4 protein chains.
Amino acid sequence: MIAIDFQNRKPIYEQIVDRIETLIVNGVLEADSQLPSVRTLAVELSINPNTIQKAYSILEQNGYIYPVKGRGNFVSGNEELKLRKKDSVYESLRETVKKGRELGISGDCMVAKVREYYQEEIEE
Amino acid sequence: MIAIDFQNRKPIYEQIVDRIETLIVNGVLEADSQLPSVRTLAVELSINPNTIQKAYSILEQNGYIYPVKGRGNFVSGNEELKLRKKDSVYESLRETVKKGRELGISGDCMVAKVREYYQEEIEE
Amino acid sequence: MIAIDFQNRKPIYEQIVDRIETLIVNGVLEADSQLPSVRTLAVELSINPNTIQKAYSILEQNGYIYPVKGRGNFVSGNEELKLRKKDSVYESLRETVKKGRELGISGDCMVAKVREYYQEEIEE
Amino acid sequence: MIAIDFQNRKPIYEQIVDRIETLIVNGVLEADSQLPSVRTLAVELSINPNTIQKAYSILEQNGYIYPVKGRGNFVSGNEELKLRKKDSVYESLRETVKKGRELGISGDCMVAKVREYYQEEIEE
DNA sequence: GTGGTCTAGACCACT
DNA sequence: GTGGTCTAGACCACC
């Protein structure tokens, strides 16, 4: 469910935060369902529990999950979050389009690519 | 020509590498034309010469520029690099589209955004 | 394991890169084994950590090693690199033979020398 | 007759020294024949006259050429020099063989390569 | 503890 | 003047 890329320059805790956010936003993890415990996940991914803890605190801070004392962490049901996540995709899209334009790639070309990549995913 | 964002997570030397690569790829810096000297650019951007040196040596390793002893650094004429640089933009686009689809954004919506962002840059 | 020749024209960081590449290619350093830390090696060779850092980052760029954040640098398992490294020796051999022939050294003589030098190393 | 590689890390004056030594040793430049003047060669190779001057001084110091006031530089007839030049080839051969052995290349393999490269040159 | 980035300042070789 | 190497010392993020 969660794959860590140790060679990536993105911090591990950030990879985890990102991945869980995605899972929550597109409904794989349902509202009020329980997340794996810090220790369990740490063992499973064979990384330091502190790192998981940091990821969970950030998720809590951003409103994606809520802790229940002595029971564990649960998925929050806040709908507003999906919008925020989408915004970050748009932002990334904006940056990429900007870079492409600087390199002299035409808008039509990029639109064509978007269509192609979008289909690609569906077929897979 | 080159603007540094000191707040950015991306290291300064990488910002410089990226910027110069872009300038070379889209033809602003022509083949065999001379780059600003390490010291000159350092003063101009008010950063340490070592940082410029690091950027230049990476550009050299990647084949974008070549040094001539006692004279300076010059733009390499390798055409293949331009294609490779563009490919990296396409790859980034592909990933973003994938993420967007996972979040349930429609293809048409993303195409519209691309058109919008592309125009945005032109108008600025 | 690594000896630095401070008199040599070849920069220190390059001597380190070369030595470690050799150790990796001939299997002394196995895939996924950990390299000495930047600071440790710096103390051991009594040179500046920055110089080790430079060597390591070049090894990374060339695909010989990979860093894991907060843990250290590890040997990459890429087999293709070993062939490439050997090719560079063949190329150097080719150039030397060419030069020797230009000076009128016979092929048999050079072959004899190769045998001699090869044994020399073994006896040492 | 003399080709300069501006991208090479070997200094230009050294490239010139090396090349002229080779031309003298294998008899292309005969004893007591005149070398091109500093200025002529500088123009021809489009490099700074100082650099040519430096190369000529080193050649003189090593006994390869001798200057005649007001006339120019001439090739020395010293036979001993050829031996010295050959020694440098042997030294380079020794280093290459050593590197090859470190990388696990067998002696027989290197001998075979030497034979191959030697023939290559003859056929060309 | 680890790697990575940056600064300041020095020295060298080459043109 | 140019690029290139090295040192010393600082700071940061990550584990």
# chains A, B, ... in the order shown; residues from 1 in each chain; ligands from 1

call {"tool": "select_by_dssp", "arguments": {"residues": "chain A", "states": "alpha helix (DSSP H)", "output": "PyMOL selection string"}}
result
chain A and resi 12-25+38-45+49-61+80-102+107-123

call {"tool": "calpha_fit_and_write", "arguments": {"fixed": "chain D", "moving": "chain C", "output": "PDB file with C-alpha atoms, in the first residue's frame"}}
result
ATOM      1  CA  MET C   1      51.183  17.948 -38.237  1.00  0.00           C
ATOM      2  CA  ILE C   2      50.166  19.233 -34.836  1.00  0.00           C
ATOM      3  CA  ALA C   3      46.565  19.030 -33.680  1.00  0.00           C
ATOM      4  CA  ILE C   4      45.367  20.805 -30.547  1.00  0.00           C
ATOM      5  CA  ASP C   5      42.460  19.512 -28.490  1.00  0.00           C
ATOM      6  CA  PHE C   6      41.085  22.566 -26.716  1.00  0.00           C
ATOM      7  CA  GLN C   7      38.672  20.480 -24.647  1.00  0.00           C
ATOM      8  CA  ASN C   8      41.461  18.367 -23.200  1.00  0.00           C
ATOM      9  CA  ARG C   9      42.500  18.821 -19.578  1.00  0.00           C
ATOM     10  CA  LYS C  10      46.102  18.656 -20.661  1.00  0.00           C
ATOM     11  CA  PRO C  11      47.420  22.195 -21.188  1.00  0.00           C
ATOM     12  CA  ILE C  12      47.942  23.323 -24.760  1.00  0.00           C
ATOM     13  CA  TYR C  13      51.653  23.933 -24.335  1.00  0.00           C
ATOM     14  CA  GLU C  14      52.054  20.389 -23.049  1.00  0.00           C
ATOM     15  CA  GLN C  15      50.184  18.937 -25.993  1.00  0.00           C
ATOM     16  CA  ILE C  16      52.586  20.778 -28.279  1.00  0.00           C
ATOM     17  CA  VAL C  17      55.646  19.632 -26.347  1.00  0.00           C
ATOM     18  CA  ASP C  18      54.440  16.052 -26.446  1.00  0.00           C
ATOM     19  CA  ARG C  19      53.603  16.131 -30.122  1.00  0.00           C
ATOM     20  CA  ILE C  20      56.917  17.648 -31.160  1.00  0.00           C
ATOM     21  CA  GLU C  21      58.860  15.267 -28.952  1.00  0.00           C
ATOM     22  CA  THR C  22      57.074  12.401 -30.684  1.00  0.00           C
ATOM     23  CA  LEU C  23      57.837  13.798 -34.126  1.00  0.00           C
ATOM     24  CA  ILE C  24      61.494  14.144 -33.197  1.00  0.00           C
ATOM     25  CA  VAL C  25      61.795  10.723 -31.593  1.00  0.00           C
ATOM     26  CA  ASN C  26      60.272   8.821 -34.494  1.00  0.00           C
ATOM     27  CA  GLY C  27      62.390  10.728 -36.973  1.00  0.00           C
ATOM     28  CA  VAL C  28      59.763  12.807 -38.788  1.00  0.00           C
ATOM     29  CA  LEU C  29      61.672  15.903 -37.737  1.00  0.00           C
ATOM     30  CA  GLU C  30      65.322  15.311 -38.543  1.00  0.00           C
ATOM     31  CA  ALA C  31      68.295  16.591 -36.562  1.00  0.00           C
ATOM     32  CA  ASP C  32      69.230  20.232 -37.289  1.00  0.00           C
ATOM     33  CA  SER C  33      66.071  20.834 -39.330  1.00  0.00           C
ATOM     34  CA  GLN C  34      64.245  24.052 -38.566  1.00  0.00           C
ATOM     35  CA  LEU C  35      61.003  24.214 -36.614  1.00  0.00           C
ATOM     36  CA  PRO C  36      58.226  26.623 -37.593  1.00  0.00           C
ATOM     37  CA  SER C  37      58.794  30.039 -36.043  1.00  0.00           C
ATOM     38  CA  VAL C  38      56.972  30.939 -32.854  1.00  0.00           C
ATOM     39  CA  ARG C  39      54.719  33.410 -34.634  1.00  0.00           C
ATOM     40  CA  THR C  40      54.036  31.213 -37.656  1.00  0.00           C
ATOM     41  CA  LEU C  41      52.992  28.245 -35.567  1.00  0.00           C
ATOM     42  CA  ALA C  42      50.881  30.488 -33.362  1.00  0.00           C
ATOM     43  CA  VAL C  43      48.937  31.722 -36.376  1.00  0.00           C
ATOM     44  CA  GLU C  44      48.663  28.232 -37.848  1.00  0.00           C
ATOM     45  CA  LEU C  45      47.217  26.749 -34.657  1.00  0.00           C
ATOM     46  CA  SER C  46      45.425  30.019 -33.880  1.00  0.00           C
ATOM     47  CA  ILE C  47      46.750  30.272 -30.353  1.00  0.00           C
ATOM     48  CA  ASN C  48      48.825  32.900 -28.584  1.00  0.00           C
ATOM     49  CA  PRO C  49      52.547  33.126 -29.455  1.00  0.00           C
ATOM     50  CA  ASN C  50      53.389  33.058 -25.746  1.00  0.00           C
ATOM     51  CA  THR C  51      51.978  29.563 -25.500  1.00  0.00           C
ATOM     52  CA  ILE C  52      54.190  28.358 -28.350  1.00  0.00           C
ATOM     53  CA  GLN C  53      57.115  30.152 -26.751  1.00  0.00           C
ATOM     54  CA  LYS C  54      56.483  28.279 -23.529  1.00  0.00           C
ATOM     55  CA  ALA C  55      56.353  24.948 -25.348  1.00  0.00           C
ATOM     56  CA  TYR C  56      59.572  25.705 -27.215  1.00  0.00           C
ATOM     57  CA  SER C  57      61.430  26.762 -24.094  1.00  0.00           C
ATOM     58  CA  ILE C  58      60.439  23.519 -22.385  1.00  0.00           C
ATOM     59  CA  LEU C  59      61.615  21.543 -25.399  1.00  0.00           C
ATOM     60  CA  GLU C  60      64.876  23.450 -25.176  1.00  0.00           C
ATOM     61  CA  GLN C  61      65.258  22.762 -21.463  1.00  0.00           C
ATOM     62  CA  ASN C  62      64.684  19.071 -22.139  1.00  0.00           C
ATOM     63  CA  GLY C  63      67.314  19.117 -24.859  1.00  0.00           C
ATOM     64  CA  TYR C  64      65.051  18.336 -27.800  1.00  0.00           C
ATOM     65  CA  ILE C  65      65.663  21.590 -29.663  1.00  0.00           C
ATOM     66  CA  TYR C  66      68.132  24.467 -29.647  1.00  0.00           C
ATOM     67  CA  PRO C  67      67.551  28.111 -30.552  1.00  0.00           C
ATOM     68  CA  VAL C  68      69.833  30.125 -32.808  1.00  0.00           C
ATOM     69  CA  LYS C  69      69.504  33.826 -32.264  1.00  0.00           C
ATOM     70  CA  GLY C  70      67.714  35.681 -34.984  1.00  0.00           C
ATOM     71  CA  ARG C  71      67.317  32.537 -37.066  1.00  0.00           C
ATOM     72  CA  GLY C  72      64.943  30.194 -35.311  1.00  0.00           C
ATOM     73  CA  ASN C  73      64.683  26.920 -33.427  1.00  0.00           C
ATOM     74  CA  PHE C  74      66.306  23.720 -34.627  1.00  0.00           C
ATOM     75  CA  VAL C  75      66.041  20.033 -33.796  1.00  0.00           C
ATOM     76  CA  SER C  76      68.798  18.771 -31.527  1.00  0.00           C
ATOM     77  CA  GLY C  77      70.564  15.557 -32.496  1.00  0.00           C
ATOM     78  CA  ASN C  78      70.699  13.993 -29.026  1.00  0.00           C
ATOM     79  CA  GLU C  79      69.996  10.262 -29.423  1.00  0.00           C
ATOM     80  CA  GLU C  80      69.749   9.499 -25.718  1.00  0.00           C
ATOM     81  CA  LEU C  81      66.489  11.411 -25.458  1.00  0.00           C
ATOM     82  CA  LYS C  82      64.737   9.003 -27.774  1.00  0.00           C
ATOM     83  CA  LEU C  83      65.432   6.123 -25.423  1.00  0.00           C
ATOM     84  CA  ARG C  84      64.219   8.127 -22.439  1.00  0.00           C
ATOM     85  CA  LYS C  85      60.958   8.948 -24.190  1.00  0.00           C
ATOM     86  CA  LYS C  86      60.361   5.299 -25.023  1.00  0.00           C
ATOM     87  CA  ASP C  87      61.057   4.331 -21.425  1.00  0.00           C
ATOM     88  CA  SER C  88      58.249   6.586 -20.300  1.00  0.00           C
ATOM     89  CA  VAL C  89      55.840   4.656 -22.550  1.00  0.00           C
ATOM     90  CA  TYR C  90      57.013   1.362 -21.058  1.00  0.00           C
ATOM     91  CA  GLU C  91      56.461   2.766 -17.590  1.00  0.00           C
ATOM     92  CA  SER C  92      52.934   3.813 -18.456  1.00  0.00           C
ATOM     93  CA  LEU C  93      52.316   0.367 -19.933  1.00  0.00           C
ATOM     94  CA  ARG C  94      53.571  -1.245 -16.743  1.00  0.00           C
ATOM     95  CA  GLU C  95      51.179   0.762 -14.599  1.00  0.00           C
ATOM     96  CA  THR C  96      48.206  -0.025 -16.803  1.00  0.00           C
ATOM     97  CA  VAL C  97      48.964  -3.742 -16.794  1.00  0.00           C
ATOM     98  CA  LYS C  98      49.258  -3.618 -13.031  1.00  0.00           C
ATOM     99  CA  LYS C  99      45.866  -1.960 -12.714  1.00  0.00           C
ATOM    100  CA  GLY C 100      44.317  -4.461 -15.094  1.00  0.00           C
ATOM    101  CA  ARG C 101      45.669  -7.380 -13.103  1.00  0.00           C
ATOM    102  CA  GLU C 102      44.243  -5.888  -9.896  1.00  0.00           C
ATOM    103  CA  LEU C 103      40.835  -5.883 -11.575  1.00  0.00           C
ATOM    104  CA  GLY C 104      41.187  -9.516 -12.556  1.00  0.00           C
ATOM    105  CA  ILE C 105      41.836  -9.070 -16.276  1.00  0.00           C
ATOM    106  CA  SER C 106      43.863 -11.997 -17.591  1.00  0.00           C
ATOM    107  CA  GLY C 107      47.268 -11.518 -19.206  1.00  0.00           C
ATOM    108  CA  ASP C 108      46.095 -13.154 -22.439  1.00  0.00           C
ATOM    109  CA  CYS C 109      43.163 -10.804 -22.634  1.00  0.00           C
ATOM    110  CA  MET C 110      45.413  -7.762 -22.320  1.00  0.00           C
ATOM    111  CA  VAL C 111      47.812  -9.102 -24.920  1.00  0.00           C
ATOM    112  CA  ALA C 112      44.876  -9.571 -27.301  1.00  0.00           C
ATOM    113  CA  LYS C 113      43.762  -5.994 -26.677  1.00  0.00           C
ATOM    114  CA  VAL C 114      47.260  -4.667 -27.350  1.00  0.00           C
ATOM    115  CA  ARG C 115      47.311  -6.470 -30.709  1.00  0.00           C
ATOM    116  CA  GLU C 116      43.866  -5.124 -31.515  1.00  0.00           C
ATOM    117  CA  TYR C 117      44.678  -1.515 -30.619  1.00  0.00           C
ATOM    118  CA  TYR C 118      47.980  -1.678 -32.477  1.00  0.00           C
ATOM    119  CA  GLN C 119      46.246  -2.796 -35.680  1.00  0.00           C
ATOM    120  CA  GLU C 120      43.513  -0.216 -35.190  1.00  0.00           C
ATOM    121  CA  GLU C 121      45.978   2.584 -35.546  1.00  0.00           C
ATOM    122  CA  ILE C 122      47.530   1.140 -38.679  1.00  0.00           C
ATOM    123  CA  GLU C 123      44.226   0.779 -40.468  1.00  0.00           C
ATOM    124  CA  GLU C 124      43.144   4.332 -39.745  1.00  0.00           C
TER     125      GLU C 124
END

call {"tool": "interface_residues", "arguments": {"of": "chain E", "to": "chain D", "cutoff": "10 Å", "atoms": "only C-alpha atoms (C1' of nucleotides)", "output": "PyMOL selection string"}}
result
chain E and resi 13-15

call {"tool": "interface_residues", "arguments": {"of": "chain F", "to": "chain B", "cutoff": "8 Å", "atoms": "only C-alpha atoms (C1' of nucleotides)", "output": "ChimeraX atom specification"}}
result
/F:1-3

call {"tool": "write_last_selection", "arguments": {"atoms": "C-alpha atoms (C1' of nucleotides)", "output": "tab-separated table (two decimals), in the first residue's frame"}}
result
chain	number	residue	atom	x	y	z
F	1	DG	C1'	42.29	37.82	-16.22
F	2	DT	C1'	40.37	32.65	-16.28
F	3	DG	C1'	38.87	27.92	-14.11

call {"tool": "atom_distance", "arguments": {"atom1": "atom C1' of F:DA10", "atom2": "atom C1' of E:DG4"}}
result
12.8 Å

call {"tool": "atom_distance", "arguments": {"atom1": "atom C1' of F:DT5", "atom2": "atom C1' of E:DG3"}}
result
21.4 Å

call {"tool": "atom_distance", "arguments": {"atom1": "atom C1' of E:DC11", "atom2": "atom C1' of F:DG9"}}
result
18.4 Å

call {"tool": "decode", "arguments": {"residues": "stretch 27-76 of chain D", "atoms": "N, CA and C atoms", "output": "compact mmCIF listing (two decimals), in the first residue's frame"}}
result
# COMPACT_ATOMS: atom_id res chain seq x y z
N GLY D 27 61.24 10.62 -36.15
CA GLY D 27 61.94 11.03 -37.36
C GLY D 27 61.17 11.86 -38.37
N VAL D 28 59.96 12.24 -38.03
CA VAL D 28 59.21 13.09 -38.97
C VAL D 28 59.92 14.44 -39.10
N LEU D 29 60.37 14.97 -37.96
CA LEU D 29 61.20 16.18 -37.99
C LEU D 29 62.66 15.74 -37.90
N GLU D 30 63.40 15.98 -38.99
CA GLU D 30 64.80 15.50 -39.03
C GLU D 30 65.75 16.42 -38.25
N ALA D 31 66.89 15.85 -37.87
CA ALA D 31 67.89 16.61 -37.12
C ALA D 31 68.31 17.86 -37.90
N ASP D 32 68.47 18.96 -37.18
CA ASP D 32 68.91 20.25 -37.73
C ASP D 32 67.91 20.90 -38.69
N SER D 33 66.72 20.33 -38.81
CA SER D 33 65.71 21.03 -39.61
C SER D 33 65.07 22.11 -38.74
N GLN D 34 64.49 23.12 -39.40
CA GLN D 34 63.98 24.28 -38.66
C GLN D 34 62.53 24.09 -38.23
N LEU D 35 62.24 24.52 -37.01
CA LEU D 35 60.86 24.49 -36.54
C LEU D 35 60.16 25.77 -36.98
N PRO D 36 58.82 25.76 -37.06
CA PRO D 36 58.10 27.00 -37.35
C PRO D 36 58.40 28.03 -36.26
N SER D 37 58.41 29.30 -36.63
CA SER D 37 58.68 30.35 -35.63
C SER D 37 57.54 30.43 -34.62
N VAL D 38 57.87 31.00 -33.48
CA VAL D 38 56.87 31.12 -32.43
C VAL D 38 55.61 31.80 -32.94
N ARG D 39 55.81 32.92 -33.62
CA ARG D 39 54.64 33.67 -34.10
C ARG D 39 53.83 32.92 -35.13
N THR D 40 54.56 32.30 -36.09
CA THR D 40 53.86 31.54 -37.14
C THR D 40 52.97 30.47 -36.53
N LEU D 41 53.59 29.69 -35.65
CA LEU D 41 52.84 28.58 -35.06
C LEU D 41 51.67 29.10 -34.23
N ALA D 42 51.91 30.23 -33.54
CA ALA D 42 50.85 30.81 -32.72
C ALA D 42 49.64 31.17 -33.58
N VAL D 43 49.91 31.78 -34.72
CA VAL D 43 48.82 32.16 -35.62
C VAL D 43 48.12 30.91 -36.15
N GLU D 44 48.96 29.96 -36.58
CA GLU D 44 48.42 28.74 -37.19
C GLU D 44 47.47 28.00 -36.25
N LEU D 45 47.86 27.91 -34.98
CA LEU D 45 47.03 27.19 -34.01
C LEU D 45 46.06 28.14 -33.29
N SER D 46 46.16 29.41 -33.65
CA SER D 46 45.36 30.47 -33.01
C SER D 46 45.37 30.36 -31.48
N ILE D 47 46.58 30.37 -30.94
CA ILE D 47 46.74 30.45 -29.50
C ILE D 47 47.78 31.51 -29.18
N ASN D 48 47.92 31.81 -27.91
CA ASN D 48 48.83 32.87 -27.49
C ASN D 48 50.30 32.52 -27.72
N PRO D 49 51.08 33.45 -28.33
CA PRO D 49 52.51 33.20 -28.58
C PRO D 49 53.27 32.79 -27.32
N ASN D 50 52.85 33.35 -26.17
CA ASN D 50 53.51 32.98 -24.91
C ASN D 50 53.47 31.47 -24.67
N THR D 51 52.36 30.88 -25.06
CA THR D 51 52.20 29.45 -24.84
C THR D 51 53.19 28.66 -25.70
N ILE D 52 53.35 29.09 -26.96
CA ILE D 52 54.33 28.44 -27.85
C ILE D 52 55.72 28.61 -27.26
N GLN D 53 55.99 29.84 -26.83
CA GLN D 53 57.31 30.13 -26.26
C GLN D 53 57.62 29.20 -25.10
N LYS D 54 56.62 29.00 -24.27
CA LYS D 54 56.81 28.12 -23.12
C LYS D 54 57.12 26.70 -23.57
N ALA D 55 56.40 26.24 -24.57
CA ALA D 55 56.61 24.89 -25.08
C ALA D 55 58.03 24.76 -25.63
N TYR D 56 58.48 25.75 -26.40
CA TYR D 56 59.81 25.71 -27.00
C TYR D 56 60.91 25.71 -25.91
N SER D 57 60.69 26.50 -24.87
CA SER D 57 61.70 26.54 -23.79
C SER D 57 61.84 25.17 -23.15
N ILE D 58 60.70 24.52 -22.94
CA ILE D 58 60.76 23.20 -22.32
C ILE D 58 61.47 22.21 -23.24
N LEU D 59 61.16 22.29 -24.54
CA LEU D 59 61.80 21.40 -25.51
C LEU D 59 63.31 21.64 -25.51
N GLU D 60 63.67 22.91 -25.38
CA GLU D 60 65.10 23.22 -25.36
C GLU D 60 65.75 22.64 -24.09
N GLN D 61 65.07 22.88 -22.97
CA GLN D 61 65.56 22.38 -21.68
C GLN D 61 65.78 20.87 -21.71
N ASN D 62 64.88 20.16 -22.40
CA ASN D 62 64.98 18.71 -22.47
C ASN D 62 65.93 18.23 -23.56
N GLY D 63 66.50 19.19 -24.29
CA GLY D 63 67.49 18.82 -25.29
C GLY D 63 66.94 18.40 -26.64
N TYR D 64 65.66 18.60 -26.84
CA TYR D 64 65.07 18.19 -28.12
C TYR D 64 65.36 19.20 -29.23
N ILE D 65 65.46 20.48 -28.88
CA ILE D 65 65.72 21.50 -29.90
C ILE D 65 66.78 22.47 -29.39
N TYR D 66 67.37 23.24 -30.32
CA TYR D 66 68.32 24.26 -29.91
C TYR D 66 68.03 25.54 -30.68
N PRO D 67 68.11 26.69 -30.00
CA PRO D 67 67.82 27.97 -30.66
C PRO D 67 69.08 28.55 -31.29
N VAL D 68 68.92 29.24 -32.43
CA VAL D 68 70.03 29.98 -33.03
C VAL D 68 69.59 31.43 -33.12
N LYS D 69 70.38 32.30 -32.49
CA LYS D 69 69.94 33.70 -32.40
C LYS D 69 69.63 34.31 -33.76
N GLY D 70 68.49 34.93 -33.81
CA GLY D 70 68.12 35.63 -35.03
C GLY D 70 67.68 34.73 -36.16
N ARG D 71 67.80 33.43 -35.99
CA ARG D 71 67.41 32.53 -37.08
C ARG D 71 66.18 31.69 -36.73
N GLY D 72 66.16 31.19 -35.49
CA GLY D 72 65.02 30.37 -35.11
C GLY D 72 65.42 29.15 -34.31
N ASN D 73 64.51 28.20 -34.20
CA ASN D 73 64.76 26.97 -33.44
C ASN D 73 64.95 25.78 -34.37
N PHE D 74 65.88 24.90 -33.96
CA PHE D 74 66.21 23.76 -34.81
C PHE D 74 66.19 22.46 -34.02
N VAL D 75 65.97 21.37 -34.76
CA VAL D 75 65.88 20.05 -34.13
C VAL D 75 67.26 19.54 -33.75
N SER D 76 67.41 19.12 -32.51
CA SER D 76 68.67 18.56 -32.04
C SER D 76 68.81 17.13 -32.53
